[in-house]
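Student: File name model32.txt; file contents compact mmCIF, C-alpha atoms; full text below.
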```txt
# COMPACT_ATOMS: atom_id res chain seq x y z
CA MET X 21 0.78 -63.68 23.23
CA THR X 22 0.20 -60.51 21.24
CA GLN X 23 -0.51 -61.18 17.60
CA ALA X 24 0.04 -59.02 14.56
CA GLN X 25 -3.06 -57.12 13.48
CA GLY X 26 -2.00 -56.50 9.89
CA LEU X 27 0.31 -57.78 7.19
CA LEU X 28 2.08 -56.36 4.17
CA GLY X 29 4.21 -58.22 1.65
CA GLN X 30 2.70 -61.69 2.05
CA SER X 31 -0.77 -63.05 1.38
CA ASP X 32 -1.27 -64.48 4.83
CA PHE X 33 0.62 -65.11 8.05
CA PRO X 34 1.82 -68.65 7.40
CA ASP X 35 3.34 -67.57 4.10
CA TYR X 36 7.01 -66.75 3.98
CA ALA X 37 8.19 -67.31 0.43
CA GLU X 38 9.64 -64.35 -1.41
CA THR X 39 7.65 -63.47 -4.48
CA PRO X 40 8.95 -61.76 -7.61
CA CYS X 41 9.07 -57.99 -7.28
CA SER X 42 5.51 -56.70 -7.56
CA ALA X 43 3.27 -54.03 -6.11
CA THR X 44 2.33 -56.39 -3.30
CA SER X 45 5.70 -57.85 -2.43
CA LEU X 46 8.66 -56.98 -0.25
CA THR X 47 12.17 -58.43 -0.43
CA THR X 48 14.31 -58.29 2.69
CA PRO X 49 12.51 -55.26 4.14
CA SER X 50 14.73 -53.41 6.57
CA SER X 51 13.00 -50.33 7.91
CA VAL X 52 9.54 -48.84 8.31
CA ALA X 53 8.25 -45.33 8.98
CA VAL X 54 4.78 -43.87 9.47
CA ASP X 55 3.75 -40.32 8.64
CA ALA X 56 1.20 -38.08 10.33
CA GLN X 57 -1.59 -39.38 8.10
CA GLU X 58 -0.73 -42.99 8.94
CA GLY X 59 0.88 -43.59 5.57
CA VAL X 60 3.43 -46.40 5.77
CA TYR X 61 6.85 -46.42 4.11
CA VAL X 62 8.93 -49.61 3.87
CA SER X 63 12.44 -50.05 2.54
CA SER X 64 12.44 -53.15 0.37
CA VAL X 65 16.18 -53.61 0.24
CA GLY X 66 16.36 -56.57 -2.13
CA ASP X 67 14.16 -54.78 -4.66
CA HIS X 68 16.20 -51.56 -4.40
CA ARG X 69 13.06 -49.55 -3.75
CA VAL X 70 10.93 -47.95 -1.10
CA VAL X 71 7.23 -48.74 -1.24
CA GLY X 72 4.46 -46.93 0.51
CA ARG X 73 0.82 -47.23 1.30
CA LEU X 74 -1.28 -44.19 1.96
CA LYS X 75 -4.13 -44.49 4.41
CA MET X 76 -6.36 -42.41 2.20
CA LEU X 77 -5.82 -41.23 -1.34
CA PRO X 78 -6.27 -37.48 -1.97
CA SER X 79 -8.99 -38.24 -4.51
CA LEU X 80 -11.01 -40.07 -1.89
CA LYS X 81 -10.49 -37.26 0.58
CA ALA X 82 -12.03 -34.94 -1.96
CA LEU X 83 -15.03 -37.24 -2.27
CA LEU X 84 -15.53 -37.19 1.45
CA LEU X 85 -15.67 -33.42 1.41
CA LEU X 86 -18.52 -33.40 -1.06
CA MET Y 24 -33.45 -39.25 -12.16
CA THR Y 25 -33.95 -38.67 -8.49
CA ILE Y 26 -33.30 -42.33 -7.77
CA HIS Y 27 -29.99 -42.23 -9.67
CA LEU Y 28 -28.78 -39.24 -7.73
CA MET Y 29 -29.59 -40.90 -4.44
CA ALA Y 30 -27.73 -44.04 -5.49
CA LEU Y 31 -24.67 -42.01 -6.44
CA HIS Y 32 -24.79 -40.21 -3.12
CA LYS Y 33 -24.81 -43.54 -1.31
CA LEU Y 34 -21.87 -44.73 -3.40
CA PHE Y 35 -19.80 -41.75 -2.30
CA LEU Y 36 -20.55 -42.53 1.32
CA ILE Y 37 -19.81 -46.23 1.05
CA LEU Y 38 -16.83 -46.26 -1.32
CA PRO Y 39 -14.09 -45.15 1.09
CA ILE Y 40 -15.24 -47.59 3.70
CA LEU Y 41 -15.28 -50.51 1.34
CA ILE Y 42 -11.80 -49.79 0.04
CA TRP Y 43 -9.90 -48.78 3.11
CA ARG Y 44 -11.37 -50.72 6.01
CA PRO Y 45 -8.57 -52.95 7.34
CA THR Y 46 -9.03 -56.67 7.06
CA GLN Y 47 -7.12 -59.34 8.91
CA SER Y 48 -7.88 -62.08 6.42
CA THR Y 49 -5.32 -60.93 3.88
CA GLY Y 50 -2.18 -58.88 3.87
CA LEU Y 51 -1.71 -58.81 0.14
CA ARG Y 52 -2.19 -55.10 -0.32
CA VAL Y 53 -0.98 -53.19 -3.31
CA ALA Y 54 1.44 -50.39 -2.61
CA ASP Y 55 0.11 -46.95 -3.41
CA PHE Y 56 3.46 -45.80 -4.65
CA GLU Y 57 6.93 -47.11 -5.30
CA LEU Y 58 10.10 -45.11 -5.13
CA ALA Y 59 12.84 -46.47 -7.37
CA PRO Y 60 14.41 -43.46 -9.08
CA THR Y 61 15.46 -44.39 -12.60
CA ALA Y 62 18.01 -41.62 -13.16
CA SER Y 63 19.91 -42.44 -9.98
CA PRO Y 64 18.65 -45.79 -8.65
CA PHE Y 65 18.71 -46.95 -5.06
CA SER Y 66 21.22 -49.60 -4.10
CA ASN Y 67 20.12 -51.52 -1.02
CA PRO Y 68 18.12 -48.70 0.62
CA GLN Y 69 17.97 -49.83 4.24
CA GLY Y 70 16.62 -46.96 6.32
CA VAL Y 71 13.58 -44.72 6.07
CA THR Y 72 12.23 -41.96 8.29
CA VAL Y 73 9.54 -39.33 7.87
CA ASP Y 74 9.31 -35.70 8.92
CA PRO Y 75 5.52 -35.28 9.12
CA THR Y 76 5.71 -31.55 9.80
CA ASN Y 77 7.68 -30.75 6.69
CA GLU Y 78 6.20 -33.63 4.67
CA THR Y 79 9.62 -35.07 3.93
CA LEU Y 80 10.90 -38.63 3.50
CA TYR Y 81 14.55 -39.49 4.12
CA VAL Y 82 15.98 -42.73 2.68
CA ALA Y 83 19.34 -44.21 3.66
CA ASP Y 84 20.50 -45.39 0.23
CA THR Y 85 23.09 -47.61 1.83
CA ASN Y 86 25.25 -48.94 -0.97
CA ASN Y 87 25.34 -45.53 -2.67
CA SER Y 88 26.59 -43.97 0.57
CA ARG Y 89 23.99 -41.22 0.60
CA ILE Y 90 20.73 -40.04 2.08
CA LEU Y 91 18.09 -39.21 -0.51
CA ILE Y 92 15.41 -36.70 0.41
CA PHE Y 93 11.90 -36.52 -1.01
CA TYR Y 94 9.75 -33.46 -0.29
CA ASN Y 95 5.94 -33.18 -0.46
CA ILE Y 96 5.44 -36.82 0.42
CA TYR Y 97 1.66 -36.56 0.69
CA ASP Y 98 1.51 -35.95 -3.05
CA ILE Y 99 4.39 -38.19 -4.01
CA PRO Y 100 3.91 -40.10 -7.28
CA THR Y 101 5.31 -43.49 -8.14
CA GLY Y 102 8.80 -43.12 -9.55
CA ALA Y 103 9.33 -39.68 -8.06
CA ALA Y 104 12.89 -38.42 -8.27
CA PRO Y 105 14.62 -37.33 -5.06
CA ASP Y 106 14.82 -33.61 -4.33
CA ASN Y 107 18.00 -33.46 -2.30
CA VAL Y 108 20.96 -35.51 -1.11
CA LEU Y 109 23.32 -35.79 1.84
CA GLY Y 110 26.66 -37.60 1.77
CA GLN Y 111 27.30 -36.93 -1.91
CA SER Y 112 27.74 -33.67 -3.78
CA SER Y 113 24.83 -34.34 -6.15
CA ILE Y 114 21.98 -36.77 -6.84
CA SER Y 115 23.77 -38.00 -9.96
CA ASN Y 116 24.28 -41.74 -10.29
CA THR Y 117 27.97 -41.08 -10.77
CA ASP Y 118 28.26 -39.72 -7.22
CA THR Y 119 27.86 -42.94 -5.28
CA LEU Y 120 31.27 -43.82 -3.88
CA PRO Y 121 31.85 -44.25 -0.14
CA ASN Y 122 33.26 -41.03 1.33
CA ARG Y 123 33.03 -39.56 -2.17
CA GLY Y 124 35.95 -41.73 -3.28
CA SER Y 125 38.34 -40.54 -0.59
CA PRO Y 126 40.17 -43.02 1.66
CA GLN Y 127 39.18 -40.93 4.68
CA PRO Y 128 35.80 -39.50 5.62
CA SER Y 129 34.92 -35.89 6.14
CA SER Y 130 31.98 -34.19 7.81
CA ASP Y 131 29.95 -34.24 4.61
CA THR Y 132 30.56 -37.82 3.46
CA LEU Y 133 29.00 -41.18 4.27
CA ASN Y 134 30.11 -44.80 4.06
CA LEU Y 135 27.32 -47.37 3.85
CA PRO Y 136 24.78 -45.60 6.10
CA GLN Y 137 22.20 -48.11 7.30
CA ALA Y 138 19.79 -46.10 9.45
CA VAL Y 139 18.21 -42.69 9.48
CA PHE Y 140 15.93 -41.18 12.12
CA LEU Y 141 14.26 -37.87 12.55
CA GLY Y 142 14.11 -36.71 16.16
CA GLY Y 143 12.57 -33.32 16.76
CA LYS Y 144 14.21 -30.98 14.27
CA THR Y 145 17.35 -33.07 13.91
CA LEU Y 146 18.18 -35.75 11.36
CA PHE Y 147 20.32 -38.57 12.75
CA VAL Y 148 22.23 -40.81 10.34
CA ALA Y 149 23.99 -44.03 11.32
CA ASP Y 150 27.11 -43.74 9.17
CA THR Y 151 27.78 -47.42 9.71
CA ALA Y 152 31.11 -48.09 8.01
CA ASN Y 153 32.54 -44.81 9.34
CA ASN Y 154 31.66 -45.91 12.88
CA ARG Y 155 29.81 -42.73 13.71
CA VAL Y 156 26.45 -41.01 13.84
CA LEU Y 157 26.01 -37.71 12.01
CA LEU Y 158 23.49 -35.01 12.89
CA TRP Y 159 21.97 -32.50 10.52
CA GLU Y 160 19.95 -29.55 11.77
CA ASN Y 161 18.14 -26.67 10.07
CA LEU Y 162 16.61 -29.22 7.73
CA ALA Y 163 14.46 -26.73 5.85
CA ALA Y 164 17.57 -25.09 4.42
CA LEU Y 165 19.73 -28.09 3.55
CA SER Y 166 21.89 -27.80 0.48
CA ALA Y 167 23.09 -30.81 -1.52
CA GLY Y 168 25.97 -32.48 0.30
CA GLU Y 169 25.61 -30.24 3.35
CA VAL Y 170 28.19 -30.65 6.12
CA ALA Y 171 26.87 -32.39 9.25
CA ALA Y 172 26.33 -30.18 12.25
CA LYS Y 173 27.60 -32.71 14.80
CA ILE Y 174 29.43 -36.04 14.93
CA ILE Y 175 29.05 -38.80 17.52
CA GLY Y 176 31.54 -41.65 17.84
CA GLN Y 177 34.62 -39.89 16.45
CA THR Y 178 36.73 -37.03 17.71
CA SER Y 179 36.92 -35.42 14.29
CA GLY Y 180 35.19 -35.55 10.94
CA ALA Y 181 38.28 -37.05 9.32
CA THR Y 182 38.44 -40.34 11.25
CA ALA Y 183 36.44 -43.55 11.10
CA LEU Y 184 38.04 -45.58 13.88
CA PRO Y 185 35.99 -48.27 15.55
CA GLY Y 186 36.08 -48.41 19.33
CA SER Y 187 34.34 -49.69 22.40
CA ALA Y 188 34.83 -46.81 24.83
CA ALA Y 189 31.83 -44.75 25.88
CA GLY Y 190 32.50 -42.20 23.18
CA ASN Y 191 33.10 -44.72 20.40
CA LEU Y 192 30.99 -46.79 18.07
CA HIS Y 193 31.58 -49.89 15.95
CA SER Y 194 29.10 -50.29 13.09
CA PRO Y 195 26.03 -48.42 14.34
CA VAL Y 196 22.97 -49.78 12.51
CA GLY Y 197 19.90 -48.57 14.39
CA LEU Y 198 18.73 -45.25 15.84
CA PHE Y 199 15.93 -43.90 17.98
CA PHE Y 200 15.55 -40.46 19.55
CA ARG Y 201 13.10 -39.29 22.17
CA ALA Y 202 13.07 -36.95 25.16
CA ASN Y 203 16.52 -35.59 24.40
CA SER Y 204 18.07 -39.05 24.35
CA LEU Y 205 19.59 -40.86 21.39
CA TRP Y 206 19.53 -44.65 21.38
CA VAL Y 207 22.06 -46.39 19.12
CA ALA Y 208 22.25 -50.08 18.18
CA ASP Y 209 26.03 -50.42 18.21
CA GLN Y 210 26.14 -53.71 16.35
CA GLN Y 211 29.76 -54.85 16.44
CA ASN Y 212 30.06 -53.87 20.10
CA SER Y 213 27.01 -56.01 20.87
CA ARG Y 214 25.38 -53.19 22.81
```
The structure in this file should be written as structure tokens.
Tutor:
Amino acid sequence: MTQAQGLLGQSDFPDYAETPCSATSLTTPSSVAVDAQEGVYVSSVGDHRVVGRLKMLPSLKALLLL
Amino acid sequence: MTIHLMALHKLFLILPILIWRPTQSTGLRVADFELAPTASPFSNPQGVTVDPTNETLYVADTNNSRILIFYNIYDIPTGAAPDNVLGQSSISNTDTLPNRGSPQPSSDTLNLPQAVFLGGKTLFVADTANNRVLLWENLAALSAGEVAAKIIGQTSGATALPGSAAGNLHSPVGLFFRANSLWVADQQNSR
């Protein structure tokens, strides 16, 4: 059986409880999209927001170019 | 002094790896940004899709019956305001009624859109409560409240009739487009 290789919105795979709206939580997520730089966008419907995670911050890209 | 410079150099090399290497032991990752516009808040935003070429994010703001558009997504800050809108005449939080307050739809209105998908150069929107899918093209030149270029599921822009025939839809909620084919999750028709 194929298993998930990553997780967002919960602290670990057995967890399922909804947490209060925070920068690490999702509430009834409905849709996900990925951009060309592998940034992830998730609609967190119950929080009335869209949250995103960039693969690499621009500031860190600049460091890599040094 | 030389030792300090070498240590700093090593820090630059190691820092990105330490921060961004994926781990399977925890999924509790902090979001890099959060979009929740304060001037015109989302209400149950259900669908998201990205145009990587034009660096644009489209959000189906379902209960406000609109699609909000964010440009320059690779530099998007937390709390960024949307740049454009479809389905309503403006981004204002007073323009949030289904079909812009009319009892019937038109080709530039939405009613509880649940899904949005970018396929090629076309934006597909599942206009769920209007029982249709709308297509917008020429995305680089969209104006606020632009009229859709094409409609699927209805014979005109002024109807919202559900149906089960091959040309009809009943509450479309999911979209996918590839190789010139559009896939629609036609929820209330169970197909």
Student: Of the candidates X:Leu46, X:Leu28, X:Cys41, X:Val60, which shows the shortest atom-to-atom distance to chain Y, using all atoms listed in the file?
Tutor: X:Leu28
Student: Name the closest residue to chain X among the candidates Y:Asn87, Y:Asn67, Y:Ser194, Y:Thr76; distances are taken between atoms, counting only C-alpha atoms.
Tutor: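 Looking at the shortest contact to chain X, the residue is Y:Asn67.
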Student: Using all atoms listed in the file, which residue out of Y:Asp98, Y:Glu160, Y:Asp55, Y:Asp209 lies closest to chain X?
Tutor: Y:Asp55
Student: Given the choices Y:Phe199, Y:Phe56, Y:Tyr97, Y:Phe65, which gets closest to X:Ala56 if the distance is worked out from only C-alpha atoms?
Tutor: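 Once distances to X:Ala56 are computed over only C-alpha atoms, the minimum belongs to Y:Tyr97.
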Student: Near X:Gly66, counting all atoms listed in the file, which residues have an atom at most 9 Å away, once you skip same-chain residues fewer than 3 positions from it, shown as a count of residues only?
Tutor: 9
Student: How far is it from atom CA of Y:Val148 to atom CA of Y:Ala103, in Å with one decimal?
Tutor: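 Atom-to-atom, atom CA of Y:Val148 to atom CA of Y:Ala103, that is 22.5 Å.
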Student: Taking only C-alpha atoms into account, which of Y:Ser63, Y:Thr72, Y:Asn116, Y:Ser204 comes nearest chain X?
Tutor: Y:Thr72
Student: Separation of atom CA of Y:Ala167 and atom CA of Y:Pro121, in Å?
Tutor: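 Atom CA of Y:Ala167 sits 16.1 Å away from atom CA of Y:Pro121.
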